$ cat run17.pdb   # PDB, C-alpha atoms
ATOM      1  CA  GLU A 911       0.000   0.000   0.000  1.00  0.00           C
ATOM      2  CA  ARG A 912       2.977   2.371   0.501  1.00  0.00           C
ATOM      3  CA  PRO A 913       3.054   3.757  -3.075  1.00  0.00           C
ATOM      4  CA  THR A 914      -0.544   5.033  -2.789  1.00  0.00           C
ATOM      5  CA  MET A 915      -0.234   6.389   0.756  1.00  0.00           C
ATOM      6  CA  SER A 916       1.487   9.577   1.880  1.00  0.00           C
ATOM      7  CA  ALA A 917       4.516   9.371   4.153  1.00  0.00           C
ATOM      8  CA  ALA A 918       2.504  10.872   7.004  1.00  0.00           C
ATOM      9  CA  LEU A 919      -0.266   8.279   6.786  1.00  0.00           C
ATOM     10  CA  TRP A 920       2.206   5.423   6.342  1.00  0.00           C
ATOM     11  CA  ALA A 921       4.138   6.427   9.458  1.00  0.00           C
ATOM     12  CA  ALA A 922       0.960   6.835  11.497  1.00  0.00           C
ATOM     13  CA  ASN A 923      -0.666   3.571  10.447  1.00  0.00           C
ATOM     14  CA  PHE A 924       2.209   1.129   9.960  1.00  0.00           C
ATOM     15  CA  MET A 925       5.296   2.570  11.665  1.00  0.00           C
ATOM     16  CA  ASN A 926       3.672   3.687  14.924  1.00  0.00           C
ATOM     17  CA  GLU A 927       5.038   7.176  14.256  1.00  0.00           C
ATOM     18  CA  PRO A 928       2.098   9.616  14.086  1.00  0.00           C
ATOM     19  CA  VAL A 929       4.580  12.505  13.834  1.00  0.00           C
ATOM     20  CA  LEU A 930       7.306  12.129  11.224  1.00  0.00           C
ATOM     21  CA  ASP A 931      10.954  12.767  11.847  1.00  0.00           C
ATOM     22  CA  GLU A 932      12.558  15.734  10.124  1.00  0.00           C
ATOM     23  CA  GLY A 933      14.196  13.649   7.420  1.00  0.00           C
ATOM     24  CA  ALA A 934      10.850  12.306   6.208  1.00  0.00           C
ATOM     25  CA  MET A 935       9.224  15.732   6.117  1.00  0.00           C
ATOM     26  CA  ARG A 936      11.245  17.288   3.335  1.00  0.00           C
ATOM     27  CA  PHE A 937       9.509  18.921   0.374  1.00  0.00           C
ATOM     28  CA  LEU A 938      10.885  17.867  -3.017  1.00  0.00           C
ATOM     29  CA  PRO A 939      11.365  20.188  -6.032  1.00  0.00           C
ATOM     30  CA  GLY A 940       9.126  18.038  -8.244  1.00  0.00           C
ATOM     31  CA  TRP A 941       6.158  18.696  -5.980  1.00  0.00           C
ATOM     32  CA  PHE A 942       5.889  22.347  -7.074  1.00  0.00           C
ATOM     33  CA  HIS A 943       4.059  23.055 -10.333  1.00  0.00           C
ATOM     34  CA  PRO A 944       4.133  26.508 -11.973  1.00  0.00           C
ATOM     35  CA  TYR A 945       0.997  28.198 -13.214  1.00  0.00           C
ATOM     36  CA  ASP A 946       0.495  31.469 -15.073  1.00  0.00           C
ATOM     37  CA  LYS A 947      -3.246  32.055 -15.302  1.00  0.00           C
ATOM     38  CA  THR A 948      -5.404  31.588 -12.220  1.00  0.00           C
ATOM     39  CA  PRO A 949      -8.117  28.996 -12.972  1.00  0.00           C
ATOM     40  CA  ASP A 950     -11.619  30.391 -13.349  1.00  0.00           C
ATOM     41  CA  ILE A 951     -13.182  27.813 -11.020  1.00  0.00           C
ATOM     42  CA  LEU A 952     -11.622  27.599  -7.570  1.00  0.00           C
ATOM     43  CA  ASP A 953     -12.930  27.157  -4.058  1.00  0.00           C
ATOM     44  CA  VAL A 954     -11.017  30.047  -2.471  1.00  0.00           C
ATOM     45  CA  ALA A 955     -10.193  30.247   1.239  1.00  0.00           C
ATOM     46  CA  ILE A 956      -8.269  32.765   3.319  1.00  0.00           C
ATOM     47  CA  THR A 957      -6.610  31.376   6.441  1.00  0.00           C
ATOM     48  CA  VAL A 958      -4.860  33.359   9.157  1.00  0.00           C
ATOM     49  CA  ASP A 959      -2.355  32.506  11.888  1.00  0.00           C
ATOM     50  CA  PRO A 960      -2.139  35.623  14.095  1.00  0.00           C
ATOM     51  CA  ALA A 961       0.996  36.276  16.146  1.00  0.00           C
ATOM     52  CA  TRP A 962       2.300  39.544  17.505  1.00  0.00           C
ATOM     53  CA  THR A 963       4.110  41.278  20.338  1.00  0.00           C
ATOM     54  CA  GLU A 964       4.063  44.866  21.545  1.00  0.00           C
ATOM     55  CA  GLN A 965       7.135  45.533  19.378  1.00  0.00           C
ATOM     56  CA  GLU A 966       6.148  45.072  15.755  1.00  0.00           C
ATOM     57  CA  LYS A 967       9.742  45.499  14.619  1.00  0.00           C
ATOM     58  CA  ASN A 968      11.154  42.870  16.957  1.00  0.00           C
ATOM     59  CA  PRO A 969      13.080  40.542  14.605  1.00  0.00           C
ATOM     60  CA  GLU A 970      12.762  37.684  17.093  1.00  0.00           C
ATOM     61  CA  ALA A 971       8.958  37.817  17.247  1.00  0.00           C
ATOM     62  CA  ASP A 972       6.795  35.269  15.457  1.00  0.00           C
ATOM     63  CA  ARG A 973       5.207  36.405  12.223  1.00  0.00           C
ATOM     64  CA  SER A 974       1.521  36.581  11.473  1.00  0.00           C
ATOM     65  CA  ALA A 975       0.665  34.847   8.221  1.00  0.00           C
ATOM     66  CA  ILE A 976      -2.286  35.238   5.841  1.00  0.00           C
ATOM     67  CA  VAL A 977      -2.628  32.870   2.889  1.00  0.00           C
ATOM     68  CA  VAL A 978      -5.128  32.875   0.043  1.00  0.00           C
ATOM     69  CA  SER A 979      -5.415  29.428  -1.521  1.00  0.00           C
ATOM     70  CA  GLY A 980      -7.787  27.744  -3.929  1.00  0.00           C
ATOM     71  CA  VAL A 981      -8.786  24.180  -4.779  1.00  0.00           C
ATOM     72  CA  ASP A 982      -9.935  23.343  -8.295  1.00  0.00           C
ATOM     73  CA  PRO A 983     -12.682  20.824  -9.214  1.00  0.00           C
ATOM     74  CA  VAL A 984     -10.245  17.877  -9.244  1.00  0.00           C
ATOM     75  CA  GLY A 985      -8.591  18.757  -5.920  1.00  0.00           C
ATOM     76  CA  ASN A 986      -5.429  20.581  -7.024  1.00  0.00           C
ATOM     77  CA  LEU A 987      -4.165  23.224  -4.580  1.00  0.00           C
ATOM     78  CA  TYR A 988      -3.216  26.690  -5.851  1.00  0.00           C
ATOM     79  CA  VAL A 989      -1.345  29.246  -3.752  1.00  0.00           C
ATOM     80  CA  LEU A 990      -2.906  32.574  -4.768  1.00  0.00           C
ATOM     81  CA  ALA A 991      -1.502  35.183  -2.375  1.00  0.00           C
ATOM     82  CA  ILE A 992       0.690  35.325   0.724  1.00  0.00           C
ATOM     83  CA  ARG A 993       1.182  38.074   3.262  1.00  0.00           C
ATOM     84  CA  ALA A 994       3.317  37.643   6.354  1.00  0.00           C
ATOM     85  CA  GLY A 995       4.837  40.063   8.825  1.00  0.00           C
ATOM     86  CA  ARG A 996       5.288  41.196  12.391  1.00  0.00           C
ATOM     87  CA  TRP A 997       2.163  43.319  12.663  1.00  0.00           C
ATOM     88  CA  SER A 998      -0.123  44.850  15.233  1.00  0.00           C
ATOM     89  CA  PRO A 999      -3.708  43.488  15.316  1.00  0.00           C
ATOM     90  CA  SER A1000      -5.045  46.523  13.436  1.00  0.00           C
ATOM     91  CA  THR A1001      -2.438  46.173  10.676  1.00  0.00           C
ATOM     92  CA  LEU A1002      -3.171  42.470  10.348  1.00  0.00           C
ATOM     93  CA  LEU A1003      -6.888  43.205   9.929  1.00  0.00           C
ATOM     94  CA  ASP A1004      -6.157  45.857   7.280  1.00  0.00           C
ATOM     95  CA  HIS A1005      -4.252  43.261   5.243  1.00  0.00           C
ATOM     96  CA  LEU A1006      -7.046  40.734   5.738  1.00  0.00           C
ATOM     97  CA  TYR A1007      -9.842  43.084   4.657  1.00  0.00           C
ATOM     98  CA  ALA A1008      -7.882  44.001   1.511  1.00  0.00           C
ATOM     99  CA  LEU A1009      -7.433  40.331   0.574  1.00  0.00           C
ATOM    100  CA  ILE A1010     -11.122  39.571   1.145  1.00  0.00           C
ATOM    101  CA  ALA A1011     -12.098  42.462  -1.126  1.00  0.00           C
ATOM    102  CA  THR A1012      -9.712  41.218  -3.840  1.00  0.00           C
ATOM    103  CA  TRP A1013     -10.421  37.470  -3.762  1.00  0.00           C
ATOM    104  CA  SER A1014     -14.050  37.135  -2.557  1.00  0.00           C
ATOM    105  CA  PRO A1015     -13.311  33.876  -0.693  1.00  0.00           C
ATOM    106  CA  SER A1016     -15.773  31.081   0.042  1.00  0.00           C
ATOM    107  CA  TRP A1017     -14.735  31.354   3.708  1.00  0.00           C
ATOM    108  CA  VAL A1018     -12.218  32.956   6.052  1.00  0.00           C
ATOM    109  CA  GLY A1019     -10.585  31.086   8.933  1.00  0.00           C
ATOM    110  CA  ILE A1020      -8.559  32.443  11.848  1.00  0.00           C
ATOM    111  CA  GLU A1021      -6.693  30.153  14.207  1.00  0.00           C
ATOM    112  CA  SER A1022      -8.095  30.575  17.700  1.00  0.00           C
ATOM    113  CA  GLY A1023      -6.000  31.083  20.810  1.00  0.00           C
ATOM    114  CA  THR A1024      -5.376  33.459  23.665  1.00  0.00           C
ATOM    115  CA  GLN A1025      -3.896  36.080  21.345  1.00  0.00           C
ATOM    116  CA  SER A1026      -6.731  35.954  18.836  1.00  0.00           C
ATOM    117  CA  VAL A1027      -9.825  36.296  21.070  1.00  0.00           C
ATOM    118  CA  SER A1028     -10.191  40.063  20.705  1.00  0.00           C
ATOM    119  CA  LEU A1029      -8.987  39.922  17.090  1.00  0.00           C
ATOM    120  CA  ILE A1030     -11.704  37.437  16.139  1.00  0.00           C
ATOM    121  CA  GLU A1031     -14.389  39.501  17.893  1.00  0.00           C
ATOM    122  CA  THR A1032     -13.317  42.677  16.088  1.00  0.00           C
ATOM    123  CA  PHE A1033     -12.993  40.876  12.781  1.00  0.00           C
ATOM    124  CA  THR A1034     -16.379  39.149  12.876  1.00  0.00           C
ATOM    125  CA  ASN A1035     -18.144  42.415  13.703  1.00  0.00           C
ATOM    126  CA  GLU A1036     -16.484  44.147  10.770  1.00  0.00           C
ATOM    127  CA  LEU A1037     -16.936  41.136   8.512  1.00  0.00           C
ATOM    128  CA  HIS A1038     -20.701  41.225   9.005  1.00  0.00           C
ATOM    129  CA  ARG A1039     -20.688  44.911   8.145  1.00  0.00           C
ATOM    130  CA  GLN A1040     -18.365  44.927   5.120  1.00  0.00           C
ATOM    131  CA  PHE A1041     -18.673  41.369   3.782  1.00  0.00           C
ATOM    132  CA  PRO A1042     -21.973  39.911   5.051  1.00  0.00           C
ATOM    133  CA  PHE A1043     -21.920  36.956   2.646  1.00  0.00           C
ATOM    134  CA  VAL A1044     -18.446  35.647   3.553  1.00  0.00           C
ATOM    135  CA  PRO A1045     -18.611  32.806   6.135  1.00  0.00           C
ATOM    136  CA  PHE A1046     -16.144  32.791   9.026  1.00  0.00           C
ATOM    137  CA  ARG A1047     -14.575  29.703  10.640  1.00  0.00           C
ATOM    138  CA  GLU A1048     -12.710  29.709  13.920  1.00  0.00           C
ATOM    139  CA  LEU A1049      -9.909  27.173  13.484  1.00  0.00           C
ATOM    140  CA  PRO A1050      -8.838  25.180  16.561  1.00  0.00           C
ATOM    141  CA  PRO A1051      -5.144  25.625  17.386  1.00  0.00           C
ATOM    142  CA  LYS A1052      -2.652  22.948  16.348  1.00  0.00           C
ATOM    143  CA  GLY A1053       0.229  24.021  18.542  1.00  0.00           C
ATOM    144  CA  LYS A1054       3.600  25.353  17.441  1.00  0.00           C
ATOM    145  CA  ASN A1055       5.394  22.096  16.576  1.00  0.00           C
ATOM    146  CA  LYS A1056       6.590  22.794  13.056  1.00  0.00           C
ATOM    147  CA  LEU A1057       6.373  19.177  11.907  1.00  0.00           C
ATOM    148  CA  VAL A1058       2.801  18.744  13.136  1.00  0.00           C
ATOM    149  CA  ARG A1059       1.677  22.000  11.528  1.00  0.00           C
ATOM    150  CA  ALA A1060       3.256  21.121   8.192  1.00  0.00           C
ATOM    151  CA  VAL A1061       1.797  17.577   7.905  1.00  0.00           C
ATOM    152  CA  PRO A1062      -1.406  18.541   5.965  1.00  0.00           C
ATOM    153  CA  LEU A1063       0.557  20.545   3.389  1.00  0.00           C
ATOM    154  CA  HIS A1064       3.316  17.930   3.124  1.00  0.00           C
ATOM    155  CA  THR A1065       0.777  15.127   2.644  1.00  0.00           C
ATOM    156  CA  HIS A1066      -1.043  17.025  -0.093  1.00  0.00           C
ATOM    157  CA  ALA A1067       2.186  18.080  -1.816  1.00  0.00           C
ATOM    158  CA  GLU A1068       3.516  14.515  -1.879  1.00  0.00           C
ATOM    159  CA  LYS A1069       0.332  13.140  -3.426  1.00  0.00           C
ATOM    160  CA  ARG A1070      -0.853  15.965  -5.698  1.00  0.00           C
ATOM    161  CA  GLY A1071       1.739  18.737  -5.695  1.00  0.00           C
ATOM    162  CA  ILE A1072       1.275  22.454  -5.088  1.00  0.00           C
ATOM    163  CA  TYR A1073       0.611  24.993  -7.839  1.00  0.00           C
ATOM    164  CA  VAL A1074       2.595  28.211  -7.402  1.00  0.00           C
ATOM    165  CA  LYS A1075       3.068  31.319  -9.531  1.00  0.00           C
ATOM    166  CA  PRO A1076       6.712  31.938 -10.573  1.00  0.00           C
ATOM    167  CA  GLY A1077       8.010  35.310  -9.446  1.00  0.00           C
ATOM    168  CA  GLU A1078       5.375  35.694  -6.747  1.00  0.00           C
ATOM    169  CA  HIS A1079       5.814  32.546  -4.675  1.00  0.00           C
ATOM    170  CA  ASP A1080       9.526  31.849  -5.200  1.00  0.00           C
ATOM    171  CA  GLU A1081      10.357  32.667  -1.571  1.00  0.00           C
ATOM    172  CA  LEU A1082       7.739  30.198  -0.330  1.00  0.00           C
ATOM    173  CA  VAL A1083       9.121  27.456  -2.584  1.00  0.00           C
ATOM    174  CA  GLN A1084      12.701  28.056  -1.451  1.00  0.00           C
ATOM    175  CA  GLU A1085      11.677  28.098   2.212  1.00  0.00           C
ATOM    176  CA  LEU A1086       9.741  24.845   1.896  1.00  0.00           C
ATOM    177  CA  LEU A1087      12.635  23.166   0.061  1.00  0.00           C
ATOM    178  CA  LYS A1088      14.813  23.980   3.103  1.00  0.00           C
ATOM    179  CA  PHE A1089      12.168  22.777   5.551  1.00  0.00           C
ATOM    180  CA  PRO A1090      12.519  21.587   8.250  1.00  0.00           C
ATOM    181  CA  GLY A1091      16.269  22.163   8.544  1.00  0.00           C
ATOM    182  CA  GLY A1092      16.414  25.817   7.505  1.00  0.00           C
ATOM    183  CA  LYS A1093      17.810  28.386   9.902  1.00  0.00           C
ATOM    184  CA  ASN A1094      14.770  30.586   9.460  1.00  0.00           C
ATOM    185  CA  ASP A1095      11.554  29.068  10.828  1.00  0.00           C
ATOM    186  CA  ASP A1096       9.332  31.725   9.264  1.00  0.00           C
ATOM    187  CA  GLU A1097       8.312  29.263   6.548  1.00  0.00           C
ATOM    188  CA  VAL A1098       6.517  27.281   9.252  1.00  0.00           C
ATOM    189  CA  ASP A1099       4.031  30.118   9.636  1.00  0.00           C
ATOM    190  CA  THR A1100       3.082  30.065   5.975  1.00  0.00           C
ATOM    191  CA  ALA A1101       3.124  26.278   5.580  1.00  0.00           C
ATOM    192  CA  GLY A1102       1.005  25.872   8.685  1.00  0.00           C
ATOM    193  CA  VAL A1103      -1.595  28.353   7.474  1.00  0.00           C
ATOM    194  CA  ILE A1104      -1.871  26.672   4.068  1.00  0.00           C
ATOM    195  CA  GLY A1105      -2.291  23.402   5.929  1.00  0.00           C
ATOM    196  CA  ARG A1106      -5.249  24.816   7.840  1.00  0.00           C
ATOM    197  CA  ALA A1107      -6.973  25.530   4.510  1.00  0.00           C
ATOM    198  CA  ILE A1108      -6.280  21.981   3.285  1.00  0.00           C
ATOM    199  CA  ASP A1109      -7.821  20.578   6.464  1.00  0.00           C
ATOM    200  CA  GLN A1110     -11.196  22.032   5.527  1.00  0.00           C
ATOM    201  CA  ALA A1111     -10.938  22.409   1.781  1.00  0.00           C
ATOM    202  CA  HIS A1112     -13.169  20.762  -0.759  1.00  0.00           C
ATOM    203  CA  PRO A1113     -12.932  20.793  -4.568  1.00  0.00           C
ATOM    204  CA  ALA A1114     -14.592  23.659  -6.358  1.00  0.00           C
ATOM    205  CA  ILE A1115     -17.985  22.847  -7.821  1.00  0.00           C
ATOM    206  CA  ILE A1116     -18.364  23.254 -11.558  1.00  0.00           C
ATOM    207  CA  PRO A1117     -21.483  25.359 -12.194  1.00  0.00           C
ATOM    208  CA  ARG A1118     -24.274  23.262 -13.615  1.00  0.00           C
ATOM    209  CA  GLN A1119     -25.211  24.168 -17.151  1.00  0.00           C
ATOM    210  CA  LYS A1120     -28.814  25.229 -17.442  1.00  0.00           C
ATOM    211  CA  GLU A1121     -30.802  23.319 -20.007  1.00  0.00           C
ATOM    212  CA  PRO A1122     -32.114  25.533 -22.779  1.00  0.00           C
ATOM    213  CA  SER A1123     -35.730  26.442 -22.356  1.00  0.00           C
ATOM    214  CA  LYS A1124     -38.176  24.551 -24.547  1.00  0.00           C
ATOM    215  CA  PHE A1125     -39.969  27.808 -25.178  1.00  0.00           C
ATOM    216  CA  PRO A1126     -38.672  31.228 -26.234  1.00  0.00           C
ATOM    217  CA  ILE A1127     -38.353  33.665 -23.348  1.00  0.00           C
ATOM    218  CA  GLN A1128     -40.606  36.200 -25.026  1.00  0.00           C
ATOM    219  CA  GLN A1129     -43.565  33.858 -25.022  1.00  0.00           C
ATOM    220  CA  SER A1130     -46.344  34.858 -22.682  1.00  0.00           C
ATOM    221  CA  VAL A1131     -47.928  32.566 -20.121  1.00  0.00           C
ATOM    222  CA  THR A1132     -50.994  32.284 -22.333  1.00  0.00           C
ATOM    223  CA  GLU A1133     -48.887  31.113 -25.266  1.00  0.00           C
ATOM    224  CA  LEU A1134     -47.114  28.560 -23.096  1.00  0.00           C
ATOM    225  CA  ILE A1135     -50.409  27.127 -21.854  1.00  0.00           C
ATOM    226  CA  ALA A1136     -51.747  26.998 -25.395  1.00  0.00           C
ATOM    227  CA  ALA A1137     -48.620  25.247 -26.665  1.00  0.00           C
ATOM    228  CA  ARG A1138     -48.802  22.614 -23.933  1.00  0.00           C
ATOM    229  CA  ARG A1139     -52.513  22.081 -24.562  1.00  0.00           C
ATOM    230  CA  LYS A1140     -51.889  21.622 -28.288  1.00  0.00           C
ATOM    231  CA  LYS A1141     -49.115  19.128 -27.578  1.00  0.00           C
ATOM    232  CA  ARG A1142     -51.391  17.170 -25.284  1.00  0.00           C
ATOM    233  CA  LEU A1143     -54.181  17.083 -27.852  1.00  0.00           C
ATOM    234  CA  GLY A1144     -51.777  15.903 -30.521  1.00  0.00           C
ATOM    235  CA  GLN A1145     -50.710  12.989 -28.306  1.00  0.00           C
ATOM    236  CA  GLU A1146     -54.334  11.951 -27.849  1.00  0.00           C
TER     237      GLU A1146
END

$ encode --input "run17.pdb" --output "structure tokens"
Amino acid sequence: ERPTMSAALWAANFMNEPVLDEGAMRFLPGWFHPYDKTPDILDVAITVDPAWTEQEKNPEADRSAIVVSGVDPVGNLYVLAIRAGRWSPSTLLDHLYALIATWSPSWVGIESGTQSVSLIETFTNELHRQFPFVPFRELPPKGKNKLVRAVPLHTHAEKRGIYVKPGEHDELVQELLKFPGGKNDDEVDTAGVIGRAIDQAHPAIIPRQKEPSKFPIQQSVTELIAARRKKRLGQE
């Protein structure tokens, strides 16, 4: 069964290792597929991992990460936009509102936790005012273990790959290729947030084609009734 099962599932089910070691969690170059034009049909999600301190410019502080991703009708994952930085809550929300306005997502998810309680309350109030038709999901925390947080993305990448736009997502690709042994752990923020979207993603639904009407639109109700009556009489 190993060839059809991801490394994460294999380790959990057959090796008694629910969490992989670092050597098994590497991302391979062949897992990243370039794309130029964004597909027309995508189930778009925006996921957020908030993290901040009182000093926004503290280089040692964790980054907040916002990722816009989309899943096409056959289950392929597209990275659409990434924003990450050491922001205050108000700055983070400004970035988030701008991305919602640009991408019109199917849903927005923010990872819950002690830091995000007031952020989520402020966001949901503003969301209902500015974007009343965008659903919100509060995502349960998954801890800060970088291997655990990266498992959903790693599993998907191994089986199906990740579609990225050259020139825009090069930094993400390079960071993931160094994962988990890179000196800079900032890639964990982004990988973890994409993983949260994968956890709850579903393939986009292809709009159903409407069958052409049997009667011209300009026909009146009286004409429609008459046409049906005539058809009935002809059958008799």

$ residues_near_point --input "run17.pdb" --point "(2.9, 30.5, 5.1)" --cutoff "10 Å" --atoms "only C-alpha atoms" --output "number ranges by chain"
A: 957-959, 973-978, 989, 991-994, 1060, 1082, 1085-1086, 1096-1105

$ atom_distance --input "run17.pdb" --atom1 "atom CA of A:Val1083" --atom2 "atom CA of A:Tyr945"
13.4 Å

$ residues_near_point --input "run17.pdb" --point "(10.3, 19.9, -1.4)" --cutoff "10 Å" --atoms "only C-alpha atoms" --output "list of chain:residue names"
A:Met935, A:Arg936, A:Phe937, A:Leu938, A:Pro939, A:Gly940, A:Trp941, A:Phe942, A:His1064, A:Ala1067, A:Glu1068, A:Gly1071, A:Val1083, A:Gln1084, A:Glu1085, A:Leu1086, A:Leu1087, A:Lys1088, A:Phe1089

$ atom_distance --input "run17.pdb" --atom1 "atom CA of A:Ile1010" --atom2 "atom CA of A:Phe1046"
11.5 Å

$ atom_distance --input "run17.pdb" --atom1 "atom CA of A:Pro944" --atom2 "atom CA of A:Ile1072"
8.5 Å

$ closest_residue --input "run17.pdb" --among "A:Gln1110, A:Ser1028, A:Thr1001, A:Asn986" --to "A:Ile956" --atoms "only C-alpha atoms"
A:Gln1110

$ closest_residue --input "run17.pdb" --among "A:Asp953, A:Asp946, A:Asp972, A:Asp1109" --to "A:Trp1017" --atoms "only C-alpha atoms"
A:Asp953

$ resolve_selection --input "run17.pdb" --expression "the PyMOL selection byres ((chain A and resi 1052) around 10)" --output "PyMOL selection string"
chain A and resi 1021-1023+1049-1051+1053-1056+1058-1059+1102+1106

$ resolve_selection --input "run17.pdb" --expression "the PyMOL selection byres ((chain A and resi 1012-1016) around 10)" --output "number ranges by chain"
A: 952-956, 978-980, 990-991, 1006-1011, 1017-1018, 1041, 1043-1046, 1114
